[in-house]
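Asker: Below you'll find the structure I mean.
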Amino acid sequence: MVFAVEADALRKALRSNAGVILASRKLESEELPLDPRVLWVADARYAFAVVARKLKGDVVRAGVHASSIVGQGVTVGVGTRIGPGVVLEDGVVVGADCDVQARVTIYSGTVLGNRVVVQAGAVLGSTGFGYVRSEETGEYLIFPQQGRLVVEDDVEIGANTTIDRGALGETRIGRGTKIDNLVHIGVEDGAILGGQVGIGEHATVGAGVILGGGAGVLSGKKMRGPGEVFWGRPARPLKEYLRDLARLKHR
């Protein structure tokens with residue numbers, strides 16, 4: 001089985017020995033030979049992922065690995081797998097059908113919903129990097145970190161990602177959120193961040209905002225506008241960023 005979202009890819013697939021070809025319906029207008037192997041779907045890439053998941057089946061074996069450390073008052077839902085070396089501190093709640101992989105650390109005050117996937121080495125509910133400084137002595141003291149972390153249903157968290165709990169309130173990861181590896185979280189619903197994006201303290205990345213790879217958001221900056229693309233360091237609207245590049249090129 002293969003998939004094709006572009007005409008060239010579909011032509012190559014038709015010349016292959018693939019038994020099934022998932023093709024995006026937008027390609028039906030292309031002048032291509034009829035082939036009974038082609039299944040027209042709205043989005044071939046998405047359909048391929050759905051079929052692949054069905055074919056893969058359920059490979060997660062529920063249970064708590066013997067090497068895991070489980071604190072007092074921890075709740076683990078039905079069908080959940082807790083992998084080797086996982087640490088669940090006191091009072092942690094993990095929902096049903098979750099997959100918590102090797103050496104994940106989940107601090108007290110963290111609640112995971114159902115069907116959450118946490119890849120190896122992730123740290124959830126850790127203390128945020130918040131300090132206050134004495135003007136008299138210059139001493140730094142950590143600000144009280146008494147909040148909690150709530151991860152809603154169907155969230156997937158990449159390897160070595162860190163999600164801090166709230167200082168006084170809560171950090172909440174909305175349902176269905178997908179987080180890549182090595183990410184530190186602090187954005188609103190539907191935001192998309194490219195690789196190597198940097199975000200300063202107390203900055204706001206609004207709902208639906210898109211930050212291109214390598215973008216840098218200054219401390220205290222508010223990035224707003226669903227579907228709005230920001231790029232560059234410091235991050236600015238894409239049109240403005242491209243205009244600045246053009247000016248540099250002609251200097």
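Residues are named by chain letter and number: chains run A, B, ... in the order of the structure tokens, numbers start at 1 in each chain, and ligands are numbered from 1 in the order shown.
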Would you tabulate, counting only C-alpha atoms, all residues of range 193-238 of chain A that have an atom at most 12 Å from an atom of range 124-148 of chain A, showing the closest pair of atoms and their distance in Å to one decimal, sorted by chain then ascending number, as JSON lines?
Answerer:
{"residue": "A:Gly200", "atom": "CA", "partner": "A:Phe129", "partner_atom": "CA", "distance": 11.7}
{"residue": "A:Glu201", "atom": "CA", "partner": "A:Gly130", "partner_atom": "CA", "distance": 9.2}
{"residue": "A:His202", "atom": "CA", "partner": "A:Gly130", "partner_atom": "CA", "distance": 10.3}
Asker: Just to be explicit: take each residue in the selection above, keep N, CA, C and O atoms, and write the result as an mmCIF file, in the first residue's frame.
Answerer:
data_model
loop_
_atom_site.group_PDB
_atom_site.id
_atom_site.type_symbol
_atom_site.label_atom_id
_atom_site.label_comp_id
_atom_site.auth_asym_id
_atom_site.auth_seq_id
_atom_site.Cartn_x
_atom_site.Cartn_y
_atom_site.Cartn_z
ATOM 1 N N GLY A 200 10.580 33.668 24.726
ATOM 2 C CA GLY A 200 11.008 34.307 25.959
ATOM 3 C C GLY A 200 9.963 34.183 27.058
ATOM 4 O O GLY A 200 8.808 33.819 26.814
ATOM 5 N N GLU A 201 10.377 34.524 28.271
ATOM 6 C CA GLU A 201 9.478 34.403 29.414
ATOM 7 C C GLU A 201 8.308 35.378 29.303
ATOM 8 O O GLU A 201 8.437 36.487 28.772
ATOM 9 N N HIS A 202 7.177 34.945 29.783
ATOM 10 C CA HIS A 202 5.941 35.745 29.830
ATOM 11 C C HIS A 202 5.450 36.161 28.439
ATOM 12 O O HIS A 202 4.620 37.064 28.321
#
Asker: Name all residues at most 12 Å from Leu193 in chain A (count only C-alpha atoms; drop same-chain ones fewer than 2 positions away) and give them as an mmCIF file with N, CA, C and O atoms, in the first residue's frame.
Answerer:
data_model
loop_
_atom_site.group_PDB
_atom_site.id
_atom_site.type_symbol
_atom_site.label_atom_id
_atom_site.label_comp_id
_atom_site.auth_asym_id
_atom_site.auth_seq_id
_atom_site.Cartn_x
_atom_site.Cartn_y
_atom_site.Cartn_z
ATOM 1 N N LYS A 178 -0.516 17.392 19.900
ATOM 2 C CA LYS A 178 0.626 16.552 19.538
ATOM 3 C C LYS A 178 1.897 17.381 19.701
ATOM 4 O O LYS A 178 2.041 18.443 19.095
ATOM 5 N N ILE A 179 2.824 16.886 20.535
ATOM 6 C CA ILE A 179 4.026 17.630 20.885
ATOM 7 C C ILE A 179 5.251 16.837 20.452
ATOM 8 O O ILE A 179 5.362 15.646 20.735
ATOM 9 N N ASP A 180 6.182 17.497 19.765
ATOM 10 C CA ASP A 180 7.383 16.841 19.254
ATOM 11 C C ASP A 180 8.388 16.603 20.381
ATOM 12 O O ASP A 180 8.159 16.949 21.537
ATOM 13 N N VAL A 183 10.710 19.592 23.504
ATOM 14 C CA VAL A 183 9.897 20.810 23.492
ATOM 15 C C VAL A 183 9.625 21.243 24.923
ATOM 16 O O VAL A 183 9.438 20.414 25.818
ATOM 17 N N HIS A 184 9.606 22.573 25.133
ATOM 18 C CA HIS A 184 9.223 23.130 26.423
ATOM 19 C C HIS A 184 7.963 23.959 26.182
ATOM 20 O O HIS A 184 7.980 24.881 25.374
ATOM 21 N N ILE A 185 6.882 23.659 26.872
ATOM 22 C CA ILE A 185 5.555 24.128 26.477
ATOM 23 C C ILE A 185 5.166 25.473 27.089
ATOM 24 O O ILE A 185 5.424 25.742 28.254
ATOM 25 N N GLY A 186 4.453 26.290 26.264
ATOM 26 C CA GLY A 186 3.879 27.534 26.751
ATOM 27 C C GLY A 186 3.104 28.262 25.669
ATOM 28 O O GLY A 186 3.362 29.429 25.411
ATOM 29 N N VAL A 187 2.153 27.598 25.013
ATOM 30 C CA VAL A 187 1.384 28.199 23.924
ATOM 31 C C VAL A 187 -0.090 27.891 24.088
ATOM 32 O O VAL A 187 -0.480 27.048 24.881
ATOM 33 N N GLU A 188 -0.921 28.580 23.273
ATOM 34 C CA GLU A 188 -2.360 28.384 23.353
ATOM 35 C C GLU A 188 -2.840 27.364 22.320
ATOM 36 O O GLU A 188 -2.053 26.841 21.519
ATOM 37 N N ASP A 189 -4.162 27.104 22.309
ATOM 38 C CA ASP A 189 -4.752 26.073 21.462
ATOM 39 C C ASP A 189 -4.439 26.288 19.980
ATOM 40 O O ASP A 189 -4.505 27.409 19.470
ATOM 41 N N GLY A 190 -4.131 25.186 19.287
ATOM 42 C CA GLY A 190 -4.008 25.221 17.835
ATOM 43 C C GLY A 190 -2.758 25.872 17.305
ATOM 44 O O GLY A 190 -2.591 26.007 16.084
ATOM 45 N N ALA A 191 -1.855 26.321 18.171
ATOM 46 C CA ALA A 191 -0.614 26.943 17.697
ATOM 47 C C ALA A 191 0.299 25.891 17.083
ATOM 48 O O ALA A 191 0.305 24.740 17.499
ATOM 49 N N GLY A 195 10.700 23.844 13.998
ATOM 50 C CA GLY A 195 11.886 23.456 14.740
ATOM 51 C C GLY A 195 12.709 24.643 15.203
ATOM 52 O O GLY A 195 12.765 25.677 14.538
ATOM 53 N N GLN A 196 13.318 24.516 16.378
ATOM 54 C CA GLN A 196 14.237 25.492 16.952
ATOM 55 C C GLN A 196 13.600 26.852 17.219
ATOM 56 O O GLN A 196 14.272 27.875 17.234
ATOM 57 N N VAL A 197 12.308 26.868 17.456
ATOM 58 C CA VAL A 197 11.643 28.099 17.868
ATOM 59 C C VAL A 197 12.021 28.404 19.315
ATOM 60 O O VAL A 197 12.094 27.506 20.154
ATOM 61 N N GLY A 198 12.282 29.686 19.606
ATOM 62 C CA GLY A 198 12.599 30.109 20.961
ATOM 63 C C GLY A 198 11.577 31.114 21.453
ATOM 64 O O GLY A 198 11.226 32.046 20.731
ATOM 65 N N ILE A 199 11.103 30.924 22.685
ATOM 66 C CA ILE A 199 10.076 31.805 23.240
ATOM 67 C C ILE A 199 10.551 32.342 24.580
ATOM 68 O O ILE A 199 10.888 31.576 25.486
ATOM 69 N N VAL A 205 1.852 33.107 22.884
ATOM 70 C CA VAL A 205 1.649 32.637 21.515
ATOM 71 C C VAL A 205 0.186 32.237 21.426
ATOM 72 O O VAL A 205 -0.240 31.234 21.990
ATOM 73 N N GLY A 206 -0.601 33.040 20.737
ATOM 74 C CA GLY A 206 -2.046 32.906 20.743
ATOM 75 C C GLY A 206 -2.563 31.704 19.970
ATOM 76 O O GLY A 206 -1.829 31.004 19.265
ATOM 77 N N ALA A 207 -3.866 31.493 20.094
ATOM 78 C CA ALA A 207 -4.523 30.371 19.440
ATOM 79 C C ALA A 207 -4.356 30.446 17.925
ATOM 80 O O ALA A 207 -4.586 31.498 17.313
ATOM 81 N N GLY A 208 -3.938 29.334 17.318
ATOM 82 C CA GLY A 208 -3.848 29.245 15.869
ATOM 83 C C GLY A 208 -2.658 29.926 15.240
ATOM 84 O O GLY A 208 -2.515 29.930 14.010
ATOM 85 N N VAL A 209 -1.773 30.514 16.034
ATOM 86 C CA VAL A 209 -0.594 31.197 15.499
ATOM 87 C C VAL A 209 0.416 30.170 14.985
ATOM 88 O O VAL A 209 0.584 29.102 15.566
ATOM 89 N N ILE A 210 1.108 30.501 13.887
ATOM 90 C CA ILE A 210 2.113 29.622 13.301
ATOM 91 C C ILE A 210 3.470 30.317 13.383
ATOM 92 O O ILE A 210 3.644 31.426 12.872
ATOM 93 N N LEU A 211 4.450 29.652 14.035
ATOM 94 C CA LEU A 211 5.808 30.174 14.141
ATOM 95 C C LEU A 211 6.724 29.327 13.274
ATOM 96 O O LEU A 211 6.854 28.123 13.485
ATOM 97 N N GLY A 212 7.353 29.958 12.279
ATOM 98 C CA GLY A 212 8.250 29.245 11.375
ATOM 99 C C GLY A 212 9.521 28.807 12.071
ATOM 100 O O GLY A 212 9.876 29.306 13.146
ATOM 101 N N GLY A 213 10.230 27.850 11.461
ATOM 102 C CA GLY A 213 11.445 27.303 12.046
ATOM 103 C C GLY A 213 12.465 28.363 12.407
ATOM 104 O O GLY A 213 12.758 29.256 11.616
ATOM 105 N N GLY A 214 12.997 28.287 13.627
ATOM 106 C CA GLY A 214 14.017 29.218 14.070
ATOM 107 C C GLY A 214 13.500 30.561 14.543
ATOM 108 O O GLY A 214 14.286 31.432 14.918
ATOM 109 N N ALA A 215 12.180 30.753 14.550
ATOM 110 C CA ALA A 215 11.622 32.040 14.982
ATOM 111 C C ALA A 215 11.922 32.281 16.455
ATOM 112 O O ALA A 215 11.994 31.349 17.250
ATOM 113 N N GLY A 216 12.081 33.553 16.817
ATOM 114 C CA GLY A 216 12.344 33.917 18.201
ATOM 115 C C GLY A 216 11.326 34.924 18.695
ATOM 116 O O GLY A 216 11.167 35.994 18.106
ATOM 117 N N VAL A 217 10.619 34.585 19.759
ATOM 118 C CA VAL A 217 9.603 35.468 20.333
ATOM 119 C C VAL A 217 10.197 36.141 21.555
ATOM 120 O O VAL A 217 10.618 35.475 22.502
ATOM 121 N N GLY A 227 -4.031 31.466 12.292
ATOM 122 C CA GLY A 227 -3.537 31.296 10.934
ATOM 123 C C GLY A 227 -2.440 32.261 10.539
ATOM 124 O O GLY A 227 -1.869 32.151 9.443
ATOM 125 N N GLU A 228 -2.116 33.201 11.396
ATOM 126 C CA GLU A 228 -1.076 34.183 11.101
ATOM 127 C C GLU A 228 0.302 33.515 11.233
ATOM 128 O O GLU A 228 0.585 32.835 12.216
ATOM 129 N N VAL A 229 1.158 33.743 10.225
ATOM 130 C CA VAL A 229 2.489 33.141 10.211
ATOM 131 C C VAL A 229 3.526 34.179 10.623
ATOM 132 O O VAL A 229 3.561 35.285 10.072
ATOM 133 N N PHE A 230 4.371 33.815 11.592
ATOM 134 C CA PHE A 230 5.449 34.687 12.046
ATOM 135 C C PHE A 230 6.783 33.984 11.808
ATOM 136 O O PHE A 230 6.897 32.771 11.977
ATOM 137 N N TRP A 231 7.803 34.781 11.436
ATOM 138 C CA TRP A 231 9.106 34.193 11.143
ATOM 139 C C TRP A 231 10.203 35.178 11.547
ATOM 140 O O TRP A 231 9.974 36.365 11.679
ATOM 141 N N ALA A 235 10.642 37.388 15.920
ATOM 142 C CA ALA A 235 9.552 36.938 15.057
ATOM 143 C C ALA A 235 8.641 38.100 14.692
ATOM 144 O O ALA A 235 8.311 38.948 15.526
#
Asker: Find the distance between CA of Leu149 in chain A and CA of Arg61 in chain A and write it in Å to one decimal.
Answerer: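 Interatomic distance, CA of Leu149 in chain A to CA of Arg61 in chain A: 25.9 Å.
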Asker: What's around Arg15 in chain A at 12 Å? Count only C-alpha atoms, leave out sequence neighbours fewer than 6 positions away in its own chain, and write the answer as an MDAnalysis selection string.
Answerer: chainID A and resid 2 8:9 21 32:33 35 37
Asker: Using DSSP on the backbone coordinates, identify the residues of range 23-165 of chain A assigned to strand (DSSP E or B); present them as a PDB file with N, CA, C and O atoms, in the first residue's frame.
Answerer:
ATOM      1  N   ALA A  23      -5.083   7.771  -3.125  1.00  0.00           N
ATOM      2  CA  ALA A  23      -4.813   9.001  -3.875  1.00  0.00           C
ATOM      3  C   ALA A  23      -5.777  10.099  -3.454  1.00  0.00           C
ATOM      4  O   ALA A  23      -6.977   9.857  -3.293  1.00  0.00           O
ATOM      5  N   SER A  24      -5.239  11.293  -3.269  1.00  0.00           N
ATOM      6  CA  SER A  24      -6.086  12.434  -2.907  1.00  0.00           C
ATOM      7  C   SER A  24      -7.044  12.771  -4.041  1.00  0.00           C
ATOM      8  O   SER A  24      -6.653  12.815  -5.207  1.00  0.00           O
ATOM      9  N   VAL A  38      -6.431   2.060  -7.420  1.00  0.00           N
ATOM     10  CA  VAL A  38      -6.530   3.414  -6.865  1.00  0.00           C
ATOM     11  C   VAL A  38      -7.811   3.574  -6.052  1.00  0.00           C
ATOM     12  O   VAL A  38      -8.911   3.299  -6.536  1.00  0.00           O
ATOM     13  N   LEU A  39      -7.652   4.022  -4.805  1.00  0.00           N
ATOM     14  CA  LEU A  39      -8.780   4.381  -3.959  1.00  0.00           C
ATOM     15  C   LEU A  39      -8.733   5.884  -3.728  1.00  0.00           C
ATOM     16  O   LEU A  39      -7.763   6.409  -3.169  1.00  0.00           O
ATOM     17  N   TRP A  40      -9.759   6.597  -4.178  1.00  0.00           N
ATOM     18  CA  TRP A  40      -9.792   8.049  -4.048  1.00  0.00           C
ATOM     19  C   TRP A  40     -10.302   8.440  -2.666  1.00  0.00           C
ATOM     20  O   TRP A  40     -11.362   7.994  -2.227  1.00  0.00           O
ATOM     21  N   VAL A  41      -9.539   9.256  -1.985  1.00  0.00           N
ATOM     22  CA  VAL A  41      -9.886   9.712  -0.636  1.00  0.00           C
ATOM     23  C   VAL A  41      -9.669  11.214  -0.546  1.00  0.00           C
ATOM     24  O   VAL A  41      -9.010  11.820  -1.399  1.00  0.00           O
ATOM     25  N   GLY A  63       0.049  -2.643  32.105  1.00  0.00           N
ATOM     26  CA  GLY A  63       0.710  -3.082  33.320  1.00  0.00           C
ATOM     27  C   GLY A  63       1.790  -2.114  33.742  1.00  0.00           C
ATOM     28  O   GLY A  63       2.175  -1.223  32.984  1.00  0.00           O
ATOM     29  N   VAL A  64       2.272  -2.289  34.956  1.00  0.00           N
ATOM     30  CA  VAL A  64       3.315  -1.431  35.517  1.00  0.00           C
ATOM     31  C   VAL A  64       4.612  -2.232  35.581  1.00  0.00           C
ATOM     32  O   VAL A  64       4.674  -3.289  36.218  1.00  0.00           O
ATOM     33  N   ILE A  69       8.866   3.288  39.717  1.00  0.00           N
ATOM     34  CA  ILE A  69       8.697   3.739  41.098  1.00  0.00           C
ATOM     35  C   ILE A  69       7.350   4.448  41.193  1.00  0.00           C
ATOM     36  O   ILE A  69       7.128   5.464  40.527  1.00  0.00           O
ATOM     37  N   VAL A  70       6.467   3.916  41.998  1.00  0.00           N
ATOM     38  CA  VAL A  70       5.103   4.439  42.097  1.00  0.00           C
ATOM     39  C   VAL A  70       4.867   4.931  43.525  1.00  0.00           C
ATOM     40  O   VAL A  70       4.983   4.159  44.488  1.00  0.00           O
ATOM     41  N   THR A  75      -3.002   6.805  40.881  1.00  0.00           N
ATOM     42  CA  THR A  75      -4.091   6.123  40.189  1.00  0.00           C
ATOM     43  C   THR A  75      -3.678   5.842  38.754  1.00  0.00           C
ATOM     44  O   THR A  75      -3.264   6.760  38.032  1.00  0.00           O
ATOM     45  N   VAL A  76      -3.789   4.587  38.336  1.00  0.00           N
ATOM     46  CA  VAL A  76      -3.462   4.195  36.967  1.00  0.00           C
ATOM     47  C   VAL A  76      -4.685   3.527  36.362  1.00  0.00           C
ATOM     48  O   VAL A  76      -5.204   2.545  36.906  1.00  0.00           O
ATOM     49  N   ARG A  81      -0.145   1.305  30.171  1.00  0.00           N
ATOM     50  CA  ARG A  81       1.183   0.697  30.314  1.00  0.00           C
ATOM     51  C   ARG A  81       2.134   1.701  30.940  1.00  0.00           C
ATOM     52  O   ARG A  81       2.271   2.828  30.445  1.00  0.00           O
ATOM     53  N   ILE A  82       2.803   1.321  32.014  1.00  0.00           N
ATOM     54  CA  ILE A  82       3.832   2.128  32.652  1.00  0.00           C
ATOM     55  C   ILE A  82       5.159   1.421  32.398  1.00  0.00           C
ATOM     56  O   ILE A  82       5.409   0.329  32.894  1.00  0.00           O
ATOM     57  N   VAL A  87       8.901   7.115  36.892  1.00  0.00           N
ATOM     58  CA  VAL A  87       8.671   7.594  38.256  1.00  0.00           C
ATOM     59  C   VAL A  87       7.332   8.324  38.299  1.00  0.00           C
ATOM     60  O   VAL A  87       7.130   9.308  37.585  1.00  0.00           O
ATOM     61  N   LEU A  88       6.427   7.827  39.130  1.00  0.00           N
ATOM     62  CA  LEU A  88       5.142   8.474  39.357  1.00  0.00           C
ATOM     63  C   LEU A  88       5.110   8.927  40.811  1.00  0.00           C
ATOM     64  O   LEU A  88       5.036   8.098  41.720  1.00  0.00           O
ATOM     65  N   VAL A  93      -2.240  11.047  38.735  1.00  0.00           N
ATOM     66  CA  VAL A  93      -3.383  10.351  38.133  1.00  0.00           C
ATOM     67  C   VAL A  93      -3.082  10.109  36.665  1.00  0.00           C
ATOM     68  O   VAL A  93      -2.792  11.050  35.914  1.00  0.00           O
ATOM     69  N   VAL A  94      -3.138   8.851  36.244  1.00  0.00           N
ATOM     70  CA  VAL A  94      -2.948   8.477  34.843  1.00  0.00           C
ATOM     71  C   VAL A  94      -4.216   7.771  34.384  1.00  0.00           C
ATOM     72  O   VAL A  94      -4.658   6.809  35.008  1.00  0.00           O
ATOM     73  N   ASP A  99       0.050   5.202  27.382  1.00  0.00           N
ATOM     74  CA  ASP A  99       1.342   4.548  27.169  1.00  0.00           C
ATOM     75  C   ASP A  99       2.427   5.483  27.687  1.00  0.00           C
ATOM     76  O   ASP A  99       2.806   6.447  27.027  1.00  0.00           O
ATOM     77  N   VAL A 100       2.904   5.206  28.893  1.00  0.00           N
ATOM     78  CA  VAL A 100       3.943   6.014  29.528  1.00  0.00           C
ATOM     79  C   VAL A 100       5.249   5.242  29.372  1.00  0.00           C
ATOM     80  O   VAL A 100       5.461   4.221  30.026  1.00  0.00           O
ATOM     81  N   THR A 105       9.308  10.869  33.959  1.00  0.00           N
ATOM     82  CA  THR A 105       9.095  11.305  35.342  1.00  0.00           C
ATOM     83  C   THR A 105       7.858  12.187  35.391  1.00  0.00           C
ATOM     84  O   THR A 105       7.760  13.179  34.661  1.00  0.00           O
ATOM     85  N   ILE A 106       6.919  11.818  36.254  1.00  0.00           N
ATOM     86  CA  ILE A 106       5.691  12.590  36.418  1.00  0.00           C
ATOM     87  C   ILE A 106       5.581  13.026  37.871  1.00  0.00           C
ATOM     88  O   ILE A 106       5.482  12.191  38.785  1.00  0.00           O
ATOM     89  N   THR A 110       0.097  16.180  38.918  1.00  0.00           N
ATOM     90  CA  THR A 110      -0.100  15.992  37.479  1.00  0.00           C
ATOM     91  C   THR A 110      -1.236  15.013  37.232  1.00  0.00           C
ATOM     92  O   THR A 110      -1.317  13.961  37.873  1.00  0.00           O
ATOM     93  N   VAL A 111      -2.097  15.352  36.286  1.00  0.00           N
ATOM     94  CA  VAL A 111      -3.229  14.507  35.912  1.00  0.00           C
ATOM     95  C   VAL A 111      -3.174  14.260  34.410  1.00  0.00           C
ATOM     96  O   VAL A 111      -3.146  15.209  33.614  1.00  0.00           O
ATOM     97  N   LEU A 112      -3.139  12.991  34.014  1.00  0.00           N
ATOM     98  CA  LEU A 112      -3.186  12.614  32.603  1.00  0.00           C
ATOM     99  C   LEU A 112      -4.556  12.035  32.286  1.00  0.00           C
ATOM    100  O   LEU A 112      -5.091  11.217  33.051  1.00  0.00           O
ATOM    101  N   VAL A 117      -0.121   9.405  25.239  1.00  0.00           N
ATOM    102  CA  VAL A 117       1.165   8.762  24.956  1.00  0.00           C
ATOM    103  C   VAL A 117       2.280   9.707  25.413  1.00  0.00           C
ATOM    104  O   VAL A 117       2.325  10.868  24.986  1.00  0.00           O
ATOM    105  N   VAL A 118       3.162   9.220  26.271  1.00  0.00           N
ATOM    106  CA  VAL A 118       4.304  10.005  26.749  1.00  0.00           C
ATOM    107  C   VAL A 118       5.563   9.224  26.396  1.00  0.00           C
ATOM    108  O   VAL A 118       5.822   8.156  26.944  1.00  0.00           O
ATOM    109  N   VAL A 123       9.444  14.778  31.034  1.00  0.00           N
ATOM    110  CA  VAL A 123       9.270  15.189  32.431  1.00  0.00           C
ATOM    111  C   VAL A 123       8.015  16.045  32.509  1.00  0.00           C
ATOM    112  O   VAL A 123       7.938  17.098  31.872  1.00  0.00           O
ATOM    113  N   LEU A 124       7.052  15.610  33.300  1.00  0.00           N
ATOM    114  CA  LEU A 124       5.764  16.297  33.391  1.00  0.00           C
ATOM    115  C   LEU A 124       5.521  16.804  34.804  1.00  0.00           C
ATOM    116  O   LEU A 124       5.692  16.062  35.775  1.00  0.00           O
ATOM    117  N   GLY A 125       5.127  18.074  34.899  1.00  0.00           N
ATOM    118  CA  GLY A 125       4.788  18.647  36.197  1.00  0.00           C
ATOM    119  C   GLY A 125       5.957  19.156  36.995  1.00  0.00           C
ATOM    120  O   GLY A 125       5.847  19.398  38.199  1.00  0.00           O
ATOM    121  N   SER A 126       7.087  19.369  36.336  1.00  0.00           N
ATOM    122  CA  SER A 126       8.277  19.859  37.041  1.00  0.00           C
ATOM    123  C   SER A 126       8.115  21.330  37.427  1.00  0.00           C
ATOM    124  O   SER A 126       7.214  22.032  36.962  1.00  0.00           O
ATOM    125  N   TYR A 131      11.856  32.936  39.216  1.00  0.00           N
ATOM    126  CA  TYR A 131      12.601  33.432  40.378  1.00  0.00           C
ATOM    127  C   TYR A 131      12.284  34.905  40.611  1.00  0.00           C
ATOM    128  O   TYR A 131      11.946  35.644  39.680  1.00  0.00           O
ATOM    129  N   VAL A 132      12.379  35.317  41.863  1.00  0.00           N
ATOM    130  CA  VAL A 132      12.264  36.731  42.218  1.00  0.00           C
ATOM    131  C   VAL A 132      13.579  37.168  42.855  1.00  0.00           C
ATOM    132  O   VAL A 132      14.237  36.385  43.549  1.00  0.00           O
ATOM    133  N   ARG A 133      13.957  38.424  42.608  1.00  0.00           N
ATOM    134  CA  ARG A 133      15.272  38.909  43.033  1.00  0.00           C
ATOM    135  C   ARG A 133      15.118  40.034  44.044  1.00  0.00           C
ATOM    136  O   ARG A 133      14.330  40.961  43.842  1.00  0.00           O
ATOM    137  N   TYR A 140      18.459  35.635  44.603  1.00  0.00           N
ATOM    138  CA  TYR A 140      17.330  35.081  43.847  1.00  0.00           C
ATOM    139  C   TYR A 140      16.645  33.993  44.667  1.00  0.00           C
ATOM    140  O   TYR A 140      17.307  33.101  45.213  1.00  0.00           O
ATOM    141  N   LEU A 141      15.332  34.061  44.761  1.00  0.00           N
ATOM    142  CA  LEU A 141      14.543  33.020  45.412  1.00  0.00           C
ATOM    143  C   LEU A 141      13.535  32.476  44.405  1.00  0.00           C
ATOM    144  O   LEU A 141      12.930  33.241  43.643  1.00  0.00           O
ATOM    145  N   ILE A 142      13.349  31.154  44.414  1.00  0.00           N
ATOM    146  CA  ILE A 142      12.373  30.571  43.510  1.00  0.00           C
ATOM    147  C   ILE A 142      10.970  30.988  43.932  1.00  0.00           C
ATOM    148  O   ILE A 142      10.642  31.008  45.119  1.00  0.00           O
ATOM    149  N   ARG A 148      -0.606  22.985  39.220  1.00  0.00           N
ATOM    150  CA  ARG A 148      -0.630  21.602  38.764  1.00  0.00           C
ATOM    151  C   ARG A 148      -0.561  21.551  37.244  1.00  0.00           C
ATOM    152  O   ARG A 148      -0.620  22.586  36.565  1.00  0.00           O
ATOM    153  N   LEU A 149      -0.444  20.344  36.723  1.00  0.00           N
ATOM    154  CA  LEU A 149      -0.428  20.107  35.282  1.00  0.00           C
ATOM    155  C   LEU A 149      -1.557  19.156  34.941  1.00  0.00           C
ATOM    156  O   LEU A 149      -1.690  18.094  35.547  1.00  0.00           O
ATOM    157  N   VAL A 150      -2.368  19.546  33.952  1.00  0.00           N
ATOM    158  CA  VAL A 150      -3.446  18.686  33.462  1.00  0.00           C
ATOM    159  C   VAL A 150      -3.220  18.420  31.979  1.00  0.00           C
ATOM    160  O   VAL A 150      -3.104  19.353  31.180  1.00  0.00           O
ATOM    161  N   VAL A 151      -3.117  17.155  31.624  1.00  0.00           N
ATOM    162  CA  VAL A 151      -2.972  16.736  30.232  1.00  0.00           C
ATOM    163  C   VAL A 151      -4.267  16.038  29.836  1.00  0.00           C
ATOM    164  O   VAL A 151      -4.619  14.999  30.403  1.00  0.00           O
ATOM    165  N   GLU A 156      -0.309  13.421  22.712  1.00  0.00           N
ATOM    166  CA  GLU A 156       0.937  12.673  22.513  1.00  0.00           C
ATOM    167  C   GLU A 156       2.110  13.605  22.765  1.00  0.00           C
ATOM    168  O   GLU A 156       2.178  14.694  22.191  1.00  0.00           O
ATOM    169  N   ILE A 157       3.020  13.177  23.636  1.00  0.00           N
ATOM    170  CA  ILE A 157       4.140  14.009  24.081  1.00  0.00           C
ATOM    171  C   ILE A 157       5.440  13.333  23.678  1.00  0.00           C
ATOM    172  O   ILE A 157       5.682  12.171  24.008  1.00  0.00           O
ATOM    173  N   THR A 162       9.632  18.610  28.177  1.00  0.00           N
ATOM    174  CA  THR A 162       9.366  19.029  29.555  1.00  0.00           C
ATOM    175  C   THR A 162       8.152  19.946  29.592  1.00  0.00           C
ATOM    176  O   THR A 162       8.074  20.911  28.839  1.00  0.00           O
ATOM    177  N   ILE A 163       7.208  19.629  30.459  1.00  0.00           N
ATOM    178  CA  ILE A 163       6.031  20.482  30.652  1.00  0.00           C
ATOM    179  C   ILE A 163       5.939  20.823  32.130  1.00  0.00           C
ATOM    180  O   ILE A 163       5.687  19.948  32.972  1.00  0.00           O
ATOM    181  N   ASP A 164       6.170  22.084  32.472  1.00  0.00           N
ATOM    182  CA  ASP A 164       6.140  22.514  33.871  1.00  0.00           C
ATOM    183  C   ASP A 164       4.709  22.685  34.356  1.00  0.00           C
ATOM    184  O   ASP A 164       3.804  23.023  33.589  1.00  0.00           O
TER     185      ASP A 164
END
Asker: What separation in Å, quoted to one decimal, exists between CA of Arg25 in chain A and CA of Ala13 in chain A?
Answerer: 15.1 Å
Asker: Please, which residues of range 54-247 of chain A, numbered as in this document, come out helix (DSSP H, G or I) from DSSP, as a PyMOL selection string?
Answerer: chain A and resi 54-56+238-247
Asker: Keeping C-alpha atoms, export the residues of the selection given above as a CSV table (one decimal), in the first residue's frame.
Answerer:
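Okay, result_1.csv is ready:
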chain,number,residue,atom,x,y,z
A,54,LYS,CA,-5.5,-0.2,12.0
A,55,LEU,CA,-3.0,-2.7,10.5
A,56,LYS,CA,-0.6,-2.2,13.4
A,238,LEU,CA,5.8,36.6,7.3
A,239,LYS,CA,5.2,39.4,4.8
A,240,GLU,CA,7.3,41.8,6.9
A,241,TYR,CA,10.0,39.2,7.4
A,242,LEU,CA,10.2,38.6,3.6
A,243,ARG,CA,10.3,42.3,2.9
A,244,ASP,CA,13.2,42.8,5.3
A,245,LEU,CA,15.1,39.9,3.6
A,246,ALA,CA,14.5,41.6,0.2
A,247,ARG,CA,15.9,44.9,1.5
